[in-house]
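Okay, protein-v3.pdb is below, PDB, C-alpha atoms, pLDDT in the B column:
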ATOM      1  CA  MET A   1      20.368  37.980  31.171  1.00 54.00           C
ATOM      2  CA  LYS A   2      19.533  34.305  30.655  1.00 55.00           C
ATOM      3  CA  LYS A   3      22.721  32.248  30.353  1.00 56.00           C
ATOM      4  CA  THR A   4      23.125  29.848  27.476  1.00 60.00           C
ATOM      5  CA  TRP A   5      24.423  26.344  28.156  1.00 63.00           C
ATOM      6  CA  ILE A   6      27.785  27.487  26.745  1.00 57.00           C
ATOM      7  CA  GLU A   7      28.031  30.318  29.249  1.00 53.00           C
ATOM      8  CA  LYS A   8      26.972  28.052  32.103  1.00 55.00           C
ATOM      9  CA  LEU A   9      29.902  25.807  31.278  1.00 56.00           C
ATOM     10  CA  GLY A  10      32.129  28.925  31.428  1.00 51.00           C
ATOM     11  CA  LEU A  11      33.065  28.576  27.792  1.00 53.00           C
ATOM     12  CA  GLY A  12      31.205  31.496  26.378  1.00 53.00           C
ATOM     13  CA  LYS A  13      31.919  35.130  27.096  1.00 58.00           C
ATOM     14  CA  GLU A  14      29.915  38.291  27.376  1.00 67.00           C
ATOM     15  CA  LYS A  15      29.153  39.702  23.955  1.00 79.00           C
ATOM     16  CA  ASN A  16      29.749  43.269  25.109  1.00 91.00           C
ATOM     17  CA  ILE A  17      32.248  44.694  27.561  1.00 94.00           C
ATOM     18  CA  ILE A  18      31.408  48.003  29.184  1.00 95.00           C
ATOM     19  CA  ILE A  19      34.243  50.352  30.092  1.00 97.00           C
ATOM     20  CA  LEU A  20      33.521  52.931  32.782  1.00 97.00           C
ATOM     21  CA  SER A  21      35.059  56.365  33.118  1.00 98.00           C
ATOM     22  CA  PRO A  22      38.127  56.516  35.368  1.00 98.00           C
ATOM     23  CA  LEU A  23      37.806  60.286  35.697  1.00 98.00           C
ATOM     24  CA  GLU A  24      35.292  63.051  36.100  1.00 98.00           C
ATOM     25  CA  GLY A  25      35.168  65.456  33.168  1.00 98.00           C
ATOM     26  CA  VAL A  26      34.003  65.780  29.584  1.00 98.00           C
ATOM     27  CA  SER A  27      34.440  62.957  27.104  1.00 98.00           C
ATOM     28  CA  CYS A  28      35.743  63.644  23.614  1.00 97.00           C
ATOM     29  CA  PRO A  29      36.908  61.666  20.595  1.00 98.00           C
ATOM     30  CA  ILE A  30      40.466  60.416  20.885  1.00 98.00           C
ATOM     31  CA  SER A  31      40.992  61.603  17.291  1.00 97.00           C
ATOM     32  CA  GLU A  32      40.846  65.196  18.586  1.00 96.00           C
ATOM     33  CA  VAL A  33      43.775  64.780  20.976  1.00 97.00           C
ATOM     34  CA  SER A  34      46.740  66.817  19.760  1.00 95.00           C
ATOM     35  CA  ASP A  35      49.267  63.994  20.011  1.00 95.00           C
ATOM     36  CA  PRO A  36      49.362  61.593  17.052  1.00 94.00           C
ATOM     37  CA  THR A  37      50.280  58.668  19.301  1.00 94.00           C
ATOM     38  CA  PHE A  38      46.690  58.867  20.509  1.00 97.00           C
ATOM     39  CA  SER A  39      44.804  60.660  17.712  1.00 97.00           C
ATOM     40  CA  GLU A  40      46.160  58.255  15.099  1.00 96.00           C
ATOM     41  CA  LYS A  41      45.288  55.328  17.385  1.00 96.00           C
ATOM     42  CA  ILE A  42      48.821  53.972  17.294  1.00 95.00           C
ATOM     43  CA  LEU A  43      48.285  52.452  20.744  1.00 96.00           C
ATOM     44  CA  GLY A  44      44.709  51.455  19.987  1.00 96.00           C
ATOM     45  CA  GLU A  45      41.164  52.697  19.894  1.00 97.00           C
ATOM     46  CA  GLY A  46      39.827  54.722  22.782  1.00 98.00           C
ATOM     47  CA  ILE A  47      38.377  57.929  24.118  1.00 98.00           C
ATOM     48  CA  ALA A  48      39.706  61.027  25.855  1.00 98.00           C
ATOM     49  CA  ILE A  49      38.464  62.787  28.968  1.00 98.00           C
ATOM     50  CA  GLN A  50      39.093  66.463  29.658  1.00 98.00           C
ATOM     51  CA  PRO A  51      39.244  66.161  33.439  1.00 98.00           C
ATOM     52  CA  THR A  52      37.527  68.455  35.910  1.00 97.00           C
ATOM     53  CA  LYS A  53      39.088  66.757  38.903  1.00 97.00           C
ATOM     54  CA  GLY A  54      42.596  65.391  39.450  1.00 98.00           C
ATOM     55  CA  GLU A  55      41.741  61.793  40.325  1.00 98.00           C
ATOM     56  CA  VAL A  56      41.924  58.547  38.362  1.00 98.00           C
ATOM     57  CA  VAL A  57      40.040  55.470  39.560  1.00 98.00           C
ATOM     58  CA  SER A  58      40.085  51.992  38.089  1.00 98.00           C
ATOM     59  CA  PRO A  59      37.547  51.684  35.262  1.00 97.00           C
ATOM     60  CA  VAL A  60      37.283  47.911  35.744  1.00 96.00           C
ATOM     61  CA  ASP A  61      37.860  45.016  38.129  1.00 96.00           C
ATOM     62  CA  GLY A  62      41.302  43.697  37.301  1.00 97.00           C
ATOM     63  CA  THR A  63      45.026  43.871  37.945  1.00 98.00           C
ATOM     64  CA  VAL A  64      47.456  46.751  37.618  1.00 98.00           C
ATOM     65  CA  ALA A  65      49.753  45.799  34.746  1.00 96.00           C
ATOM     66  CA  ILE A  66      51.982  48.886  34.876  1.00 96.00           C
ATOM     67  CA  MET A  67      52.238  51.934  37.115  1.00 96.00           C
ATOM     68  CA  PHE A  68      54.593  54.141  35.164  1.00 94.00           C
ATOM     69  CA  GLU A  69      57.631  55.258  37.160  1.00 92.00           C
ATOM     70  CA  THR A  70      56.735  58.864  36.405  1.00 94.00           C
ATOM     71  CA  LYS A  71      53.175  58.202  37.675  1.00 96.00           C
ATOM     72  CA  HIS A  72      51.547  60.005  34.764  1.00 96.00           C
ATOM     73  CA  ALA A  73      50.072  56.809  33.311  1.00 97.00           C
ATOM     74  CA  VAL A  74      48.763  53.464  34.484  1.00 97.00           C
ATOM     75  CA  SER A  75      47.680  50.272  32.729  1.00 97.00           C
ATOM     76  CA  ILE A  76      45.075  47.843  33.972  1.00 98.00           C
ATOM     77  CA  ILE A  77      44.178  44.412  32.622  1.00 97.00           C
ATOM     78  CA  SER A  78      40.541  43.679  33.356  1.00 97.00           C
ATOM     79  CA  GLU A  79      39.279  40.301  34.505  1.00 95.00           C
ATOM     80  CA  GLN A  80      37.965  39.826  30.980  1.00 94.00           C
ATOM     81  CA  GLY A  81      41.404  40.450  29.465  1.00 95.00           C
ATOM     82  CA  THR A  82      40.910  44.023  28.267  1.00 97.00           C
ATOM     83  CA  GLU A  83      44.166  46.004  28.350  1.00 97.00           C
ATOM     84  CA  ILE A  84      43.481  49.618  29.290  1.00 98.00           C
ATOM     85  CA  LEU A  85      45.986  52.465  29.344  1.00 97.00           C
ATOM     86  CA  ILE A  86      45.076  55.696  31.137  1.00 98.00           C
ATOM     87  CA  HIS A  87      47.531  58.445  30.230  1.00 97.00           C
ATOM     88  CA  VAL A  88      47.119  61.671  32.173  1.00 98.00           C
ATOM     89  CA  GLY A  89      48.011  64.620  29.984  1.00 97.00           C
ATOM     90  CA  LEU A  90      50.203  64.875  26.906  1.00 97.00           C
ATOM     91  CA  ASP A  91      54.022  64.683  27.133  1.00 95.00           C
ATOM     92  CA  THR A  92      53.605  64.644  30.903  1.00 96.00           C
ATOM     93  CA  ILE A  93      56.383  62.041  31.155  1.00 94.00           C
ATOM     94  CA  ASN A  94      58.600  65.148  31.074  1.00 94.00           C
ATOM     95  CA  LEU A  95      57.308  66.179  34.508  1.00 96.00           C
ATOM     96  CA  ARG A  96      59.208  63.156  35.877  1.00 94.00           C
ATOM     97  CA  GLY A  97      56.545  62.436  38.485  1.00 95.00           C
ATOM     98  CA  GLU A  98      56.104  65.964  39.820  1.00 95.00           C
ATOM     99  CA  PHE A  99      52.449  66.775  40.568  1.00 97.00           C
ATOM    100  CA  PHE A 100      51.470  63.072  40.444  1.00 98.00           C
ATOM    101  CA  LYS A 101      50.774  60.638  43.264  1.00 97.00           C
ATOM    102  CA  ALA A 102      50.335  56.887  42.787  1.00 98.00           C
ATOM    103  CA  PHE A 103      48.148  54.747  45.033  1.00 98.00           C
ATOM    104  CA  VAL A 104      48.730  51.351  43.443  1.00 98.00           C
ATOM    105  CA  LYS A 105      51.640  49.416  41.963  1.00 97.00           C
ATOM    106  CA  ALA A 106      52.119  46.659  39.388  1.00 96.00           C
ATOM    107  CA  ASN A 107      50.316  43.395  40.208  1.00 96.00           C
ATOM    108  CA  ASP A 108      47.890  44.998  42.675  1.00 98.00           C
ATOM    109  CA  LYS A 109      44.359  43.697  42.289  1.00 98.00           C
ATOM    110  CA  VAL A 110      41.810  46.477  41.888  1.00 98.00           C
ATOM    111  CA  LYS A 111      38.055  46.890  41.749  1.00 97.00           C
ATOM    112  CA  ALA A 112      36.228  49.464  39.613  1.00 97.00           C
ATOM    113  CA  GLY A 113      36.318  52.723  41.535  1.00 97.00           C
ATOM    114  CA  ASP A 114      39.562  52.076  43.439  1.00 98.00           C
ATOM    115  CA  LEU A 115      41.819  55.151  43.455  1.00 98.00           C
ATOM    116  CA  LEU A 116      44.839  54.694  41.164  1.00 98.00           C
ATOM    117  CA  LEU A 117      46.345  58.170  40.837  1.00 97.00           C
ATOM    118  CA  GLN A 118      45.939  61.739  41.920  1.00 98.00           C
ATOM    119  CA  PHE A 119      47.284  64.676  39.962  1.00 98.00           C
ATOM    120  CA  ASP A 120      47.452  68.410  40.546  1.00 98.00           C
ATOM    121  CA  MET A 121      45.638  69.745  37.508  1.00 97.00           C
ATOM    122  CA  ASP A 122      46.397  73.444  38.129  1.00 97.00           C
ATOM    123  CA  LYS A 123      50.124  72.883  38.568  1.00 97.00           C
ATOM    124  CA  ILE A 124      50.313  70.679  35.493  1.00 98.00           C
ATOM    125  CA  LEU A 125      48.470  73.294  33.423  1.00 97.00           C
ATOM    126  CA  ASN A 126      50.658  76.101  34.792  1.00 97.00           C
ATOM    127  CA  ALA A 127      53.719  74.103  33.795  1.00 97.00           C
ATOM    128  CA  GLY A 128      52.401  74.324  30.237  1.00 97.00           C
ATOM    129  CA  TYR A 129      51.000  70.819  29.755  1.00 97.00           C
ATOM    130  CA  ASP A 130      47.672  69.665  28.410  1.00 97.00           C
ATOM    131  CA  VAL A 131      45.772  67.535  30.958  1.00 98.00           C
ATOM    132  CA  ILE A 132      43.481  65.803  28.498  1.00 98.00           C
ATOM    133  CA  THR A 133      43.541  62.111  29.414  1.00 98.00           C
ATOM    134  CA  PRO A 134      43.353  59.487  26.673  1.00 98.00           C
ATOM    135  CA  ILE A 135      41.989  56.108  27.704  1.00 98.00           C
ATOM    136  CA  VAL A 136      43.197  53.510  25.237  1.00 98.00           C
ATOM    137  CA  ILE A 137      42.319  49.863  24.668  1.00 98.00           C
ATOM    138  CA  CYS A 138      45.802  48.502  23.953  1.00 96.00           C
ATOM    139  CA  ASN A 139      44.501  45.185  22.641  1.00 95.00           C
ATOM    140  CA  THR A 140      41.944  46.756  20.316  1.00 95.00           C
ATOM    141  CA  ASN A 141      42.399  43.930  17.768  1.00 91.00           C
ATOM    142  CA  LYS A 142      40.787  41.512  20.247  1.00 93.00           C
ATOM    143  CA  TYR A 143      37.473  43.270  19.656  1.00 95.00           C
ATOM    144  CA  LEU A 144      35.129  43.385  16.709  1.00 93.00           C
ATOM    145  CA  ASP A 145      33.960  46.896  17.357  1.00 93.00           C
ATOM    146  CA  ILE A 146      34.437  49.684  19.905  1.00 96.00           C
ATOM    147  CA  THR A 147      31.725  52.265  20.516  1.00 96.00           C
ATOM    148  CA  THR A 148      32.551  55.452  22.423  1.00 97.00           C
ATOM    149  CA  TYR A 149      30.258  57.955  24.108  1.00 97.00           C
ATOM    150  CA  THR A 150      31.725  61.368  23.437  1.00 97.00           C
ATOM    151  CA  GLY A 151      30.598  64.937  23.979  1.00 97.00           C
ATOM    152  CA  LYS A 152      29.163  64.272  27.429  1.00 96.00           C
ATOM    153  CA  SER A 153      29.898  65.333  30.964  1.00 98.00           C
ATOM    154  CA  VAL A 154      30.896  62.215  32.820  1.00 98.00           C
ATOM    155  CA  LYS A 155      31.266  61.294  36.445  1.00 97.00           C
ATOM    156  CA  LYS A 156      33.601  58.548  37.591  1.00 97.00           C
ATOM    157  CA  LEU A 157      32.280  55.121  36.568  1.00 97.00           C
ATOM    158  CA  ASP A 158      29.838  56.462  33.976  1.00 97.00           C
ATOM    159  CA  GLN A 159      29.761  54.289  30.884  1.00 97.00           C
ATOM    160  CA  ILE A 160      32.159  55.626  28.203  1.00 98.00           C
ATOM    161  CA  MET A 161      32.907  52.717  25.869  1.00 97.00           C
ATOM    162  CA  VAL A 162      31.381  49.436  24.777  1.00 97.00           C
ATOM    163  CA  LEU A 163      33.625  46.751  23.314  1.00 96.00           C
ATOM    164  CA  LYS A 164      32.065  44.061  21.184  1.00 94.00           C
ATOM    165  CA  ASN A 165      33.717  40.663  21.507  1.00 88.00           C
ATOM    166  CA  LYS A 166      34.553  38.689  18.415  1.00 83.00           C
ATOM    167  CA  ASP A 167      32.212  35.695  18.224  1.00 67.00           C
ATOM    168  CA  ARG A 168      33.974  32.575  19.376  1.00 58.00           C
ATOM    169  CA  LEU A 169      31.667  29.791  18.374  1.00 48.00           C
TER     170      LEU A 169
ATOM    171  CA  MET B   1      67.208  33.073  14.665  1.00 94.00           C
ATOM    172  CA  LYS B   2      68.460  36.670  14.608  1.00 96.00           C
ATOM    173  CA  GLU B   3      69.438  38.803  17.556  1.00 96.00           C
ATOM    174  CA  ILE B   4      69.967  42.488  18.192  1.00 96.00           C
ATOM    175  CA  ARG B   5      71.483  44.048  21.274  1.00 97.00           C
ATOM    176  CA  TYR B   6      70.720  47.722  21.668  1.00 97.00           C
ATOM    177  CA  ILE B   7      71.373  50.356  24.311  1.00 97.00           C
ATOM    178  CA  VAL B   8      68.551  52.898  24.446  1.00 96.00           C
ATOM    179  CA  LYS B   9      69.780  56.437  23.854  1.00 96.00           C
ATOM    180  CA  ASP B  10      66.507  58.355  24.173  1.00 94.00           C
ATOM    181  CA  LYS B  11      66.474  60.307  27.458  1.00 93.00           C
ATOM    182  CA  LEU B  12      62.873  59.240  28.140  1.00 91.00           C
ATOM    183  CA  GLY B  13      63.451  55.549  27.473  1.00 93.00           C
ATOM    184  CA  ILE B  14      60.756  53.387  25.904  1.00 93.00           C
ATOM    185  CA  HIS B  15      57.588  55.199  26.970  1.00 89.00           C
ATOM    186  CA  ALA B  16      54.113  55.118  25.451  1.00 89.00           C
ATOM    187  CA  ARG B  17      54.899  56.850  22.157  1.00 90.00           C
ATOM    188  CA  PRO B  18      57.927  54.779  21.056  1.00 93.00           C
ATOM    189  CA  ALA B  19      56.305  51.609  22.435  1.00 95.00           C
ATOM    190  CA  GLY B  20      53.332  52.156  20.149  1.00 94.00           C
ATOM    191  CA  LEU B  21      55.517  52.934  17.137  1.00 94.00           C
ATOM    192  CA  LEU B  22      57.713  49.886  17.850  1.00 96.00           C
ATOM    193  CA  VAL B  23      54.726  47.544  18.062  1.00 96.00           C
ATOM    194  CA  LYS B  24      53.379  49.019  14.829  1.00 94.00           C
ATOM    195  CA  GLN B  25      56.645  47.828  13.219  1.00 96.00           C
ATOM    196  CA  THR B  26      56.959  44.424  14.907  1.00 97.00           C
ATOM    197  CA  SER B  27      53.344  43.548  14.122  1.00 96.00           C
ATOM    198  CA  LYS B  28      54.114  43.684  10.399  1.00 96.00           C
ATOM    199  CA  PHE B  29      56.229  40.526  10.591  1.00 97.00           C
ATOM    200  CA  ASN B  30      55.144  36.945  11.093  1.00 96.00           C
ATOM    201  CA  SER B  31      58.331  36.042  12.996  1.00 97.00           C
ATOM    202  CA  LYS B  32      58.130  35.593  16.730  1.00 97.00           C
ATOM    203  CA  ILE B  33      59.837  38.673  18.196  1.00 98.00           C
ATOM    204  CA  MET B  34      60.800  38.858  21.863  1.00 98.00           C
ATOM    205  CA  ILE B  35      62.478  41.633  23.854  1.00 97.00           C
ATOM    206  CA  LYS B  36      64.504  40.880  26.956  1.00 97.00           C
ATOM    207  CA  LYS B  37      65.742  43.276  29.608  1.00 96.00           C
ATOM    208  CA  ASP B  38      67.730  41.642  32.423  1.00 94.00           C
ATOM    209  CA  THR B  39      65.702  38.518  33.182  1.00 93.00           C
ATOM    210  CA  LYS B  40      62.342  39.797  31.941  1.00 95.00           C
ATOM    211  CA  GLU B  41      61.239  38.794  28.455  1.00 97.00           C
ATOM    212  CA  ILE B  42      58.099  39.973  26.664  1.00 97.00           C
ATOM    213  CA  ASP B  43      56.342  39.654  23.328  1.00 97.00           C
ATOM    214  CA  ALA B  44      57.415  42.599  21.161  1.00 97.00           C
ATOM    215  CA  LYS B  45      54.002  42.661  19.492  1.00 96.00           C
ATOM    216  CA  SER B  46      52.255  43.518  22.748  1.00 96.00           C
ATOM    217  CA  ILE B  47      52.000  47.217  23.620  1.00 96.00           C
ATOM    218  CA  LEU B  48      51.530  46.476  27.285  1.00 95.00           C
ATOM    219  CA  GLY B  49      54.395  43.989  27.157  1.00 95.00           C
ATOM    220  CA  VAL B  50      56.808  46.543  25.715  1.00 96.00           C
ATOM    221  CA  MET B  51      55.751  49.303  28.137  1.00 95.00           C
ATOM    222  CA  SER B  52      55.982  46.948  31.124  1.00 94.00           C
ATOM    223  CA  LEU B  53      59.723  46.470  30.541  1.00 94.00           C
ATOM    224  CA  GLY B  54      60.187  50.072  31.673  1.00 92.00           C
ATOM    225  CA  VAL B  55      63.351  50.422  29.586  1.00 95.00           C
ATOM    226  CA  ARG B  56      65.246  53.571  30.521  1.00 94.00           C
ATOM    227  CA  CYS B  57      67.922  55.572  28.780  1.00 95.00           C
ATOM    228  CA  GLY B  58      71.220  53.695  28.957  1.00 96.00           C
ATOM    229  CA  GLU B  59      69.679  50.257  29.474  1.00 97.00           C
ATOM    230  CA  GLU B  60      70.384  47.406  27.112  1.00 97.00           C
ATOM    231  CA  ILE B  61      67.759  45.227  25.494  1.00 97.00           C
ATOM    232  CA  LEU B  62      68.116  41.960  23.613  1.00 97.00           C
ATOM    233  CA  VAL B  63      65.683  41.453  20.741  1.00 97.00           C
ATOM    234  CA  THR B  64      65.287  38.025  19.157  1.00 97.00           C
ATOM    235  CA  PHE B  65      63.594  37.156  15.893  1.00 97.00           C
ATOM    236  CA  GLU B  66      62.463  33.693  14.877  1.00 97.00           C
ATOM    237  CA  GLY B  67      60.604  32.981  11.666  1.00 97.00           C
ATOM    238  CA  THR B  68      60.628  33.078   7.897  1.00 96.00           C
ATOM    239  CA  ASP B  69      61.013  36.867   7.750  1.00 96.00           C
ATOM    240  CA  GLU B  70      63.513  37.150  10.613  1.00 96.00           C
ATOM    241  CA  ALA B  71      66.205  38.751   8.419  1.00 96.00           C
ATOM    242  CA  VAL B  72      64.108  41.657   7.169  1.00 97.00           C
ATOM    243  CA  ALA B  73      62.402  41.981  10.561  1.00 97.00           C
ATOM    244  CA  SER B  74      65.693  42.351  12.447  1.00 97.00           C
ATOM    245  CA  GLU B  75      66.988  44.938   9.962  1.00 97.00           C
ATOM    246  CA  THR B  76      63.781  46.944  10.113  1.00 97.00           C
ATOM    247  CA  ILE B  77      63.730  46.934  13.896  1.00 97.00           C
ATOM    248  CA  ARG B  78      67.418  47.811  14.119  1.00 96.00           C
ATOM    249  CA  ASP B  79      66.768  50.822  11.890  1.00 96.00           C
ATOM    250  CA  PHE B  80      63.793  51.750  14.020  1.00 96.00           C
ATOM    251  CA  PHE B  81      65.898  51.745  17.198  1.00 96.00           C
ATOM    252  CA  ILE B  82      68.596  53.837  15.577  1.00 95.00           C
ATOM    253  CA  ASN B  83      66.077  56.401  14.354  1.00 94.00           C
ATOM    254  CA  TYR B  84      63.680  56.541  17.306  1.00 92.00           C
ATOM    255  CA  LEU B  85      65.396  55.254  20.423  1.00 92.00           C
TER     256      LEU B  85
END
Full structure transcribed into structure tokens:
Amino acid sequence: MKKTWIEKLGLGKEKNIIILSPLEGVSCPISEVSDPTFSEKILGEGIAIQPTKGEVVSPVDGTVAIMFETKHAVSIISEQGTEILIHVGLDTINLRGEFFKAFVKANDKVKAGDLLLQFDMDKILNAGYDVITPIVICNTNKYLDITTYTGKSVKKLDQIMVLKNKDRL
Amino acid sequence: MKEIRYIVKDKLGIHARPAGLLVKQTSKFNSKIMIKKDTKEIDAKSILGVMSLGVRCGEEILVTFEGTDEAVASETIRDFFINYL
């Protein structure tokens, strides 16, 4: 894309930010998740993935903001300042880390595709938990509009959301 | 300036759900609201900020309020802690 003089000076920013899928599975609207914290968008706008494989990779280039102690959730801040929370399963904090393995920690720099977490889907399901994974933009109010691509089979790093930046100038 | 000290009673500490509900409350006020645990201090209107404190059951937090609505803000947040954390 041709850069404007504003962008060349580093003052402008991309109009749209693309968020890639951190998991393989099927994408669905976050409003259908059976936990109001996510379905009512209390933490922000987002999308949910019903995983088909127990691996979470970074959806963006950025820094790990939080690796939850119980390893069921991780937050990344992208280089463009997007705050993303990936929360594997619902109420899975109660598993206290069992069936989860973390590969990064807070302040680690990551690239899109880097492995963040692994989880044993079968064991989590057998323990009675839902594995649906909401992916939430925690600073939703930074963006004018968020478009999600739901109802599709996704592979890791497939496009799942587009965030429209508020115009600055 | 108003201050609240609170020891978290919820067994799960301040995880995603209460963090989101807390920020929903703090964001209603125009006062500057900060939460401190040990030496770490974060903006109470930031979801990531609140979650990054990793507050566990039994840990104490210090919440400060500075602004025109600091009185009502501190009462609202105190009630929130009592009811949810």
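The residues returned by the PyMOL selection byres ((chain B) within 9 of (chain A)) for this structure are Leu12, His15, Ala16, Arg17, Pro18, Ala19, Gly20, Leu21, Val23, Lys24, Ser46, Ile47, Leu48, Met51, Ser52 and Gly54 of chain B.
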As a list in words, please: the residues near B:Lys11 (cut-off 10 Å, all atoms listed in the file, same-chain neighbours under 6 positions excluded).
Asn94 of chain A; Arg56, Cys57, Gly58 and Leu85 of chain B
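Distance annotation: of B:Ala73, B:Ile61, B:Asp10, B:Asn30, the residue with the minimal separation from B:Ile42 is B:Ile61; atom set is only C-alpha atoms.
Note that atom CA of A:Lys142 and atom CA of B:Phe65 are 23.6 Å apart.
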Name the residues in contact with A:Asp61 at a cut-off of 10 Å, using all atoms listed in the file, excluding same-chain residues fewer than 3 positions from it; report them as number ranges by chain.
A: 58, 64, 76-80, 109-114
File of the preceding selection, C-alpha atoms, as a PDB file, keeping the file's coordinate frame:
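Below is the file that was written, result20.pdb:
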ATOM      1  CA  SER A  58      40.085  51.992  38.089  1.00 98.00           C
ATOM      2  CA  VAL A  64      47.456  46.751  37.618  1.00 98.00           C
ATOM      3  CA  ILE A  76      45.075  47.843  33.972  1.00 98.00           C
ATOM      4  CA  ILE A  77      44.178  44.412  32.622  1.00 97.00           C
ATOM      5  CA  SER A  78      40.541  43.679  33.356  1.00 97.00           C
ATOM      6  CA  GLU A  79      39.279  40.301  34.505  1.00 95.00           C
ATOM      7  CA  GLN A  80      37.965  39.826  30.980  1.00 94.00           C
ATOM      8  CA  LYS A 109      44.359  43.697  42.289  1.00 98.00           C
ATOM      9  CA  VAL A 110      41.810  46.477  41.888  1.00 98.00           C
ATOM     10  CA  LYS A 111      38.055  46.890  41.749  1.00 97.00           C
ATOM     11  CA  ALA A 112      36.228  49.464  39.613  1.00 97.00           C
ATOM     12  CA  GLY A 113      36.318  52.723  41.535  1.00 97.00           C
ATOM     13  CA  ASP A 114      39.562  52.076  43.439  1.00 98.00           C
TER      14      ASP A 114
END
Nearest residue to B:Arg78 out of B:Lys36, B:Lys2, B:Lys45, B:Lys28, using all atoms listed in the file?
B:Lys2
Counting only C-alpha atoms, select every polymer residue within 12 Å of (69.8, 46.8, 24.8) as defined in the file's coordinates, and provide the selection as an NGL selection string.
:B and (3-9 or 13-14 or 35-38 or 53 or 55-64 or 78 or 81-82 or 85)
Run the PyMOL selection byres ((chain A and resi 135) around 12) against the file shown and list the residues it catches, as a ChimeraX atom specification.
/A:19-23,27-31,33,38-39,41,43-51,56,58-59,73-76,83-89,132-134,136-138,140,148,160-161
Would you kindly translate the PyMOL selection byres ((chain A and resi 118) around 10) into the concrete residues it picks from this file, as a list in words?
Lys53, Gly54, Glu55, Val56, Val57, Lys71, His72, Val88, Phe99, Phe100, Lys101, Ala102, Phe103, Leu115, Leu116, Leu117, Phe119, Asp120 and Met121 of chain A
Is it possible to get the residues within 10 Å of (57.9, 33.7, 4.9) (coordinates as in the file, counting only C-alpha atoms) written as a PyMOL selection string?
chain B and resi 29-31+67-70
Figure out the distance between atom CA of A:Ile146 and atom CA of A:Val162, please, to one decimal in Å.
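These two atoms are separated by 5.8 Å.
Between atom CA of B:Met1 and atom CA of B:Ile33 lies a distance of 9.9 Å.
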Considering all atoms listed in the file, can you say which of A:Asp130, A:Lys105, A:Gly25, A:Leu163 comes closest to A:Gly151?
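Between A:Asp130, A:Lys105, A:Gly25, A:Leu163, the residue approaching A:Gly151 most closely is A:Gly25.
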Calculate, to one decimal in Å, the centre and edge lengths of the box along x, y and z of the file that holds all listed atoms of stretch 50-57 of chain B with 4 Å of margin on each side, and present them as lines of an AutoDock Vina configuration file.
center_x = 61.8
center_y = 51.0
center_z = 28.7
size_x = 20.2
size_y = 17.1
size_z = 14.0
